[in-house]
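> Take this structure, written in structure tokens, and hold onto it; I'll ask about it next.
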2 protein chains.
Amino acid sequence: MQKAAIERNNETIAAQLTPVGRETVQDRVYSELRRALIGGLFEPSQVLTIRGLADALVTSTMPVREALGRLITEKALEALPNRSVRVPPITLERIDDLLRARSLIEGEAIALAATRMGPRQIATIEAMLGEWDEMRALKHKKDIDREATLNQSFHFEIYRCCGSAVLIPMIESLWLQSGPCIRVAIYAFSEAGEVDTAHYHRRIVAALARQDAQGAREALVADISRPFAFLRDKLQSAAAKG
Amino acid sequence: MQKAAIERNNETIAAQLTPVGRETVQDRVYSELRRALIGGLFEPSQVLTIRGLADALVTSTMPVREALGRLITEKALEALPNRSVRVPPITLERIDDLLRARSLIEGEAIALAATRMGPRQIATIEAMLGEWDEMRALKHKKDIDREATLNQSFHFEIYRCCGSAVLIPMIESLWLQSGPCIRVAIYAFSEAGEVDTAHYHRRIVAALARQDAQGAREALVADISRPFAFLRDKLQSAAAKG
DNA sequence: ATTTTTGATTTGTGATCACACTTGCGTTGA
DNA sequence: TCAACGCAAGTGTGATCACAAATCAAAAAT
């Protein structure tokens, strides 16, 4: 009985191989739609059809309809009484509502993270700061997508440190809901002279580095408030006109 | 052209008829599973199968699998790597995590509601208080289900007044997640000499009646903390033994 | 006696089909 | 000219089937 030897051999193999994983089609569809939603690829009020998405994603309707159902329950999409689904329209109340919820929950998450982040984690997000500057220096025009992705990574790298398995999915849901709104604001931002986002991120990192929970919370709220405030003004002036 | 007359006739009919609604099977399955989860009919760590539930609910697998998918995304259920689904197990960290999130979000919701509830709404929840006392007086033994239902109605009647379409679904998700845990505590409660829940509810109503947002928040946190604290102790002593 | 292997059953996933409802457009009627 | 009707294309929902992976139990091997 070479049980120990076999065991040891298996462990050696396991150490060299990387798990292949078994992602379902539905998972891929869901992830793809999430990415599109957070990235603002869909416009508010846009109607989505199961067969249309299935064609676009080159699958059958089955994975798509389940993914849509999931997105509807987290309020990333909206089920109309006609049984068609659309991305929720932007309203003034919704903007304020989303900002309030995000300030509350993401504020709490970063406050928790402030007391739990070690030098290792601080270094990670500082590196992202550098990456950000670098990207800005090159000043590529179409990097608005990369900017959004980096911004997302920066925030969630912090939130992950809050140590709450309950808060993080809620934050993801909030990003999903505010994605289509935010993107509208971001586009407008880059046209109207742009503010330095990196400045806000630096304030956040500074507060986290000195473990200042309250300071981090305030810096974060300032950061996420900007696009919402911008969007709010835009909507109000549009309402005044029309 | 009797257009006006026809219009009037149609309105008369519409006033007498009640909309029939068009609830799908999937919606019914979803609601039923939600009810079971919040009510704690499923035990933590219990594994659920699609075909098993479909048989129990007397439908095909299709509506069930979509409902399960939705419940998984809101963390009411958990997808194992084996692709089977179970109700999440209770751990100490999870209990603390859930209590913190609920205090934060439901606390905010009740604080908002405190400034928005009119005499009409106050009267409604006061009536529920009376209903509660009445039920207690009869002292039916098996009314633990009704108690839970009434408790739920009481809380959500308040939350509905916070005027946030974003916070309420999150609170529902939190109840869904803590349902299985809470029920364990409630059962233990009713065996170990029970505390007067109505007392806590009265404190909440009193604070709301005088529009005391901070007082209402504190009273609410005290209310929802009890079962969690109880469960926490129970789990710790069990861990000390085992 | 313990472990491994083999085979049968169960389970989740995806595809396809049938049906009912909605929508859009062209025709018919006043 | 315009509203009402009717037909056709499109869409969501539910049922059923095929298949692969997991689970479990009995049999075989060590």
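In the structure tokens, the first chain shown is A, the next is B, and so on; residue numbers restart at 1 for each chain, and ligands run from 1 in the order shown.
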Skip B:Asp133 itself and residues of its chain fewer than 6 positions away, then list as a ChimeraX atom specification all residues within 12 Å of it, counting only C-alpha atoms (C1' of nucleotides).

/B:126-127,139,147,150,196-199,201-202

> Which polymer residues have any atom within 10 Å of an atom of stretch 10-14 of chain C, counting only C-alpha atoms (C1' of nucleotides), with same-chain residues fewer than 6 positions away left out, as an NGL selection string?

(:A and (24-26 or 59-63)) or (:B and (49-51 or 65 or 82-84)) or (:D and (18-24))

> Show me, as a list in words, every residue of chain B with an atom at most 9 Å from chain A, counting only C-alpha atoms.

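Written out as asked, the residues are Arg22, Arg65, Glu66, Ala67, Gly69, Arg70, Leu71, Ile72, Thr73, Glu74, Lys75, Pro81, Glu93, Arg94, Asp97, Leu98, Ala101, Leu104, Ile105, Glu108, Gly163, Ser164, Ala165, Val166, Leu167, Pro169, Met170 and Leu174 of chain B.
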
> Tell me as a list in words which residues belonging to chain C come within 12 Å of chain A, counting only C-alpha atoms (C1' of nucleotides).

DT2, DT3, DG12, DT13, DG14, DA15, DT16, DC21, DT22 and DT23 of chain C

> With 8 Å as the limit and counting only C-alpha atoms (C1' of nucleotides), what residues in chain D lie close to chain B? Please list them as a list in words.

DT13, DG14, DA15 and DA22 of chain D

> Could you write out the selected residues, including all heavy atoms, as a compact mmCIF listing (two decimals), in the first residue's frame?


```
# COMPACT_ATOMS: atom_id res chain seq x y z
P DT D 13 -41.27 35.98 -19.86
OP1 DT D 13 -41.83 36.63 -18.68
OP2 DT D 13 -39.83 35.72 -19.95
O5' DT D 13 -42.03 34.61 -20.08
C5' DT D 13 -43.46 34.61 -20.12
C4' DT D 13 -43.98 33.19 -20.17
O4' DT D 13 -43.77 32.65 -21.49
C3' DT D 13 -43.32 32.23 -19.19
O3' DT D 13 -44.32 31.60 -18.43
C2' DT D 13 -42.55 31.25 -20.08
C1' DT D 13 -43.33 31.32 -21.38
N1 DT D 13 -42.55 31.04 -22.61
C2 DT D 13 -43.03 30.13 -23.52
O2 DT D 13 -44.07 29.53 -23.37
N3 DT D 13 -42.25 29.95 -24.63
C4 DT D 13 -41.05 30.58 -24.91
O4 DT D 13 -40.43 30.34 -25.94
C5 DT D 13 -40.59 31.52 -23.91
C7 DT D 13 -39.30 32.25 -24.12
C6 DT D 13 -41.36 31.70 -22.82
P DG D 14 -43.93 30.71 -17.16
OP1 DG D 14 -44.94 30.92 -16.12
OP2 DG D 14 -42.51 30.94 -16.86
O5' DG D 14 -44.09 29.24 -17.74
C5' DG D 14 -45.34 28.85 -18.28
C4' DG D 14 -45.22 27.54 -19.02
O4' DG D 14 -44.42 27.72 -20.21
C3' DG D 14 -44.56 26.40 -18.23
O3' DG D 14 -45.40 25.25 -18.32
C2' DG D 14 -43.22 26.19 -18.94
C1' DG D 14 -43.56 26.61 -20.36
N9 DG D 14 -42.43 27.05 -21.17
C8 DG D 14 -41.48 27.98 -20.83
N7 DG D 14 -40.58 28.17 -21.77
C5 DG D 14 -40.97 27.31 -22.78
C6 DG D 14 -40.39 27.07 -24.05
O6 DG D 14 -39.38 27.59 -24.54
N1 DG D 14 -41.09 26.12 -24.77
C2 DG D 14 -42.23 25.48 -24.33
N2 DG D 14 -42.78 24.60 -25.16
N3 DG D 14 -42.78 25.69 -23.14
C4 DG D 14 -42.10 26.61 -22.43
P DA D 15 -45.09 23.96 -17.47
OP1 DA D 15 -46.34 23.52 -16.84
OP2 DA D 15 -43.89 24.18 -16.64
O5' DA D 15 -44.71 22.91 -18.61
C5' DA D 15 -45.63 22.70 -19.68
C4' DA D 15 -45.04 21.75 -20.71
O4' DA D 15 -44.02 22.44 -21.47
C3' DA D 15 -44.38 20.50 -20.12
O3' DA D 15 -44.87 19.35 -20.79
C2' DA D 15 -42.88 20.73 -20.35
C1' DA D 15 -42.86 21.65 -21.56
N9 DA D 15 -41.72 22.56 -21.57
C8 DA D 15 -41.35 23.42 -20.58
N7 DA D 15 -40.28 24.13 -20.87
C5 DA D 15 -39.93 23.71 -22.14
C6 DA D 15 -38.90 24.08 -23.01
N6 DA D 15 -37.98 25.00 -22.72
N1 DA D 15 -38.84 23.47 -24.21
C2 DA D 15 -39.76 22.54 -24.51
N3 DA D 15 -40.78 22.11 -23.77
C4 DA D 15 -40.81 22.74 -22.59
P DA D 22 -18.49 16.74 -12.29
OP1 DA D 22 -17.94 17.99 -11.76
OP2 DA D 22 -17.60 15.64 -12.71
O5' DA D 22 -19.53 16.16 -11.23
C5' DA D 22 -20.66 16.94 -10.89
C4' DA D 22 -21.65 16.12 -10.09
O4' DA D 22 -22.22 15.11 -10.95
C3' DA D 22 -21.04 15.37 -8.89
O3' DA D 22 -21.80 15.69 -7.74
C2' DA D 22 -21.15 13.89 -9.27
C1' DA D 22 -22.33 13.90 -10.22
N9 DA D 22 -22.32 12.81 -11.20
C8 DA D 22 -21.35 12.53 -12.12
N7 DA D 22 -21.62 11.49 -12.89
C5 DA D 22 -22.87 11.07 -12.44
C6 DA D 22 -23.71 10.02 -12.84
N6 DA D 22 -23.41 9.17 -13.83
N1 DA D 22 -24.89 9.88 -12.18
C2 DA D 22 -25.18 10.73 -11.19
N3 DA D 22 -24.46 11.76 -10.73
C4 DA D 22 -23.31 11.87 -11.41
```

> Quick one: DSSP helix (DSSP H, G or I) residues in stretch 9-240 of chain B, as a PyMOL selection string?

chain B and resi 9-16+25-38+50-57+61-73+92-114+119-138+144-162+167-191+197-209+213-240

> Mind giving me the straight-line distance from atom CA of B:Arg210 to atom CA of B:Phe156 in Å, one decimal?

19.4 Å

> Quick one: residues within 12 Å of C:DT27, only C-alpha atoms (C1' of nucleotides) counted, chain neighbours fewer than 4 positions away excluded, as an NGL selection string?

:D and (4-7)

> Keeping all heavy atoms for every residue in the selection just given, could you write it to a file as a compact mmCIF listing (two decimals), in the first residue's frame?


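The result, written out as selection.txt:
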```txt
# COMPACT_ATOMS: atom_id res chain seq x y z
P DA D 4 -62.14 53.84 -33.11
OP1 DA D 4 -63.24 54.04 -32.16
OP2 DA D 4 -60.74 53.86 -32.65
O5' DA D 4 -62.40 52.47 -33.88
C5' DA D 4 -63.59 52.33 -34.65
C4' DA D 4 -63.52 51.06 -35.48
O4' DA D 4 -62.55 51.24 -36.55
C3' DA D 4 -63.07 49.82 -34.70
O3' DA D 4 -63.95 48.74 -34.97
C2' DA D 4 -61.66 49.56 -35.19
C1' DA D 4 -61.71 50.11 -36.61
N9 DA D 4 -60.42 50.55 -37.12
C8 DA D 4 -59.56 51.42 -36.53
N7 DA D 4 -58.47 51.65 -37.23
C5 DA D 4 -58.64 50.88 -38.36
C6 DA D 4 -57.84 50.68 -39.49
N6 DA D 4 -56.66 51.28 -39.68
N1 DA D 4 -58.29 49.84 -40.45
C2 DA D 4 -59.49 49.24 -40.26
N3 DA D 4 -60.32 49.36 -39.23
C4 DA D 4 -59.83 50.20 -38.32
P DC D 5 -63.87 47.37 -34.12
OP1 DC D 5 -65.25 47.02 -33.73
OP2 DC D 5 -62.81 47.53 -33.09
O5' DC D 5 -63.37 46.30 -35.19
C5' DC D 5 -63.95 46.30 -36.50
C4' DC D 5 -63.01 45.59 -37.47
O4' DC D 5 -61.86 46.42 -37.72
C3' DC D 5 -62.47 44.25 -36.95
O3' DC D 5 -62.96 43.20 -37.77
C2' DC D 5 -60.94 44.41 -37.03
C1' DC D 5 -60.76 45.58 -37.99
N1 DC D 5 -59.52 46.37 -37.74
C2 DC D 5 -58.53 46.40 -38.72
O2 DC D 5 -58.69 45.78 -39.78
N3 DC D 5 -57.40 47.13 -38.49
C4 DC D 5 -57.26 47.80 -37.34
N4 DC D 5 -56.15 48.50 -37.16
C5 DC D 5 -58.27 47.78 -36.33
C6 DC D 5 -59.38 47.06 -36.57
P DG D 6 -62.67 41.65 -37.38
OP1 DG D 6 -63.79 40.85 -37.92
OP2 DG D 6 -62.34 41.59 -35.94
O5' DG D 6 -61.37 41.31 -38.22
C5' DG D 6 -61.31 41.68 -39.60
C4' DG D 6 -59.97 41.26 -40.19
O4' DG D 6 -58.97 42.26 -39.85
C3' DG D 6 -59.44 39.93 -39.66
O3' DG D 6 -58.81 39.22 -40.71
C2' DG D 6 -58.43 40.35 -38.61
C1' DG D 6 -57.88 41.63 -39.21
N9 DG D 6 -57.36 42.58 -38.23
C8 DG D 6 -57.91 42.88 -37.00
N7 DG D 6 -57.23 43.78 -36.34
C5 DG D 6 -56.17 44.09 -37.18
C6 DG D 6 -55.12 45.00 -37.00
O6 DG D 6 -54.89 45.75 -36.04
N1 DG D 6 -54.26 45.01 -38.10
C2 DG D 6 -54.41 44.24 -39.23
N2 DG D 6 -53.50 44.39 -40.18
N3 DG D 6 -55.41 43.38 -39.40
C4 DG D 6 -56.24 43.36 -38.35
P DC D 7 -58.60 37.62 -40.58
OP1 DC D 7 -59.56 36.96 -41.49
OP2 DC D 7 -58.57 37.25 -39.14
O5' DC D 7 -57.14 37.43 -41.17
C5' DC D 7 -56.73 38.18 -42.33
C4' DC D 7 -55.27 38.57 -42.21
O4' DC D 7 -55.10 39.57 -41.17
C3' DC D 7 -54.32 37.42 -41.84
O3' DC D 7 -53.26 37.37 -42.78
C2' DC D 7 -53.85 37.78 -40.43
C1' DC D 7 -53.90 39.29 -40.47
N1 DC D 7 -54.00 39.93 -39.13
C2 DC D 7 -53.05 40.89 -38.77
O2 DC D 7 -52.14 41.17 -39.57
N3 DC D 7 -53.13 41.48 -37.55
C4 DC D 7 -54.13 41.15 -36.71
N4 DC D 7 -54.19 41.75 -35.53
C5 DC D 7 -55.11 40.17 -37.07
C6 DC D 7 -55.01 39.59 -38.27
```

> At a cut-off of 12 Å, using only C-alpha atoms (C1' of nucleotides), what residues contact B:Gln214? Leave out same-chain residues fewer than 2 positions from it and give the result as a list in words.

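In the requested form, the answer reads Gly107, Glu108, Ala109, Ile110, Ala111, Leu112, Ala113, Ala114, Thr115, Ile204, Ala207, Leu208, Arg210, Gln211, Asp212, Ala216, Arg217, Glu218, Ala219, Leu220 and Val221 of chain B.
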
> Produce a file of the selected residues containing C-alpha atoms, as a CSV table (one decimal), in the first residue's frame.


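Result went into selection.csv, see below:
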```
chain,number,residue,atom,x,y,z
B,107,GLY,CA,-31.7,52.0,10.1
B,108,GLU,CA,-31.4,54.5,7.2
B,109,ALA,CA,-34.7,53.5,5.8
B,110,ILE,CA,-36.5,54.0,9.1
B,111,ALA,CA,-34.8,57.4,9.7
B,112,LEU,CA,-36.0,58.5,6.3
B,113,ALA,CA,-39.5,57.2,7.0
B,114,ALA,CA,-39.6,59.1,10.3
B,115,THR,CA,-39.6,62.4,8.5
B,204,ILE,CA,-40.4,52.2,17.4
B,207,ALA,CA,-40.2,57.5,18.1
B,208,LEU,CA,-41.9,57.6,14.7
B,210,ARG,CA,-42.7,62.2,17.4
B,211,GLN,CA,-40.7,62.2,14.1
B,212,ASP,CA,-37.5,61.3,16.0
B,216,ALA,CA,-36.4,55.3,15.7
B,217,ARG,CA,-33.1,54.1,14.3
B,218,GLU,CA,-31.9,53.1,17.7
B,219,ALA,CA,-35.1,51.4,18.6
B,220,LEU,CA,-35.1,49.5,15.4
B,221,VAL,CA,-31.5,48.3,15.8
```

> Name the closest residue to D:DA25 among the candidates C:DA8, C:DA30, C:DC17, C:DC25; distances are taken between atoms, counting only C-alpha atoms (C1' of nucleotides).

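With only C-alpha atoms (C1' of nucleotides) as the atom set, the closest residue is C:DA8.
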
> When you draw a straight line from atom CA of A:Ser45 to atom CA of A:Pro89, how long is it in Å?

4.6 Å

> Enumerate, as a PyMOL selection string, the complete set of residues in stretch 53-237 of chain B that a backbone-based DSSP assignment places in strand (DSSP E).

chain B and resi 78-79+85-86

> If I take atom CA of A:Leu77 and atom CA of B:Glu78, how far is one from the other in Å, to one decimal?

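About the pair atom CA of A:Leu77 and atom CA of B:Glu78: they are 22.1 Å apart.
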
> For C:DT5, find every residue with an atom within 12 Å (counting only C-alpha atoms (C1' of nucleotides)), except residues of its own chain fewer than 5 positions away, and show them as a PyMOL selection string.

chain D and resi 25-30
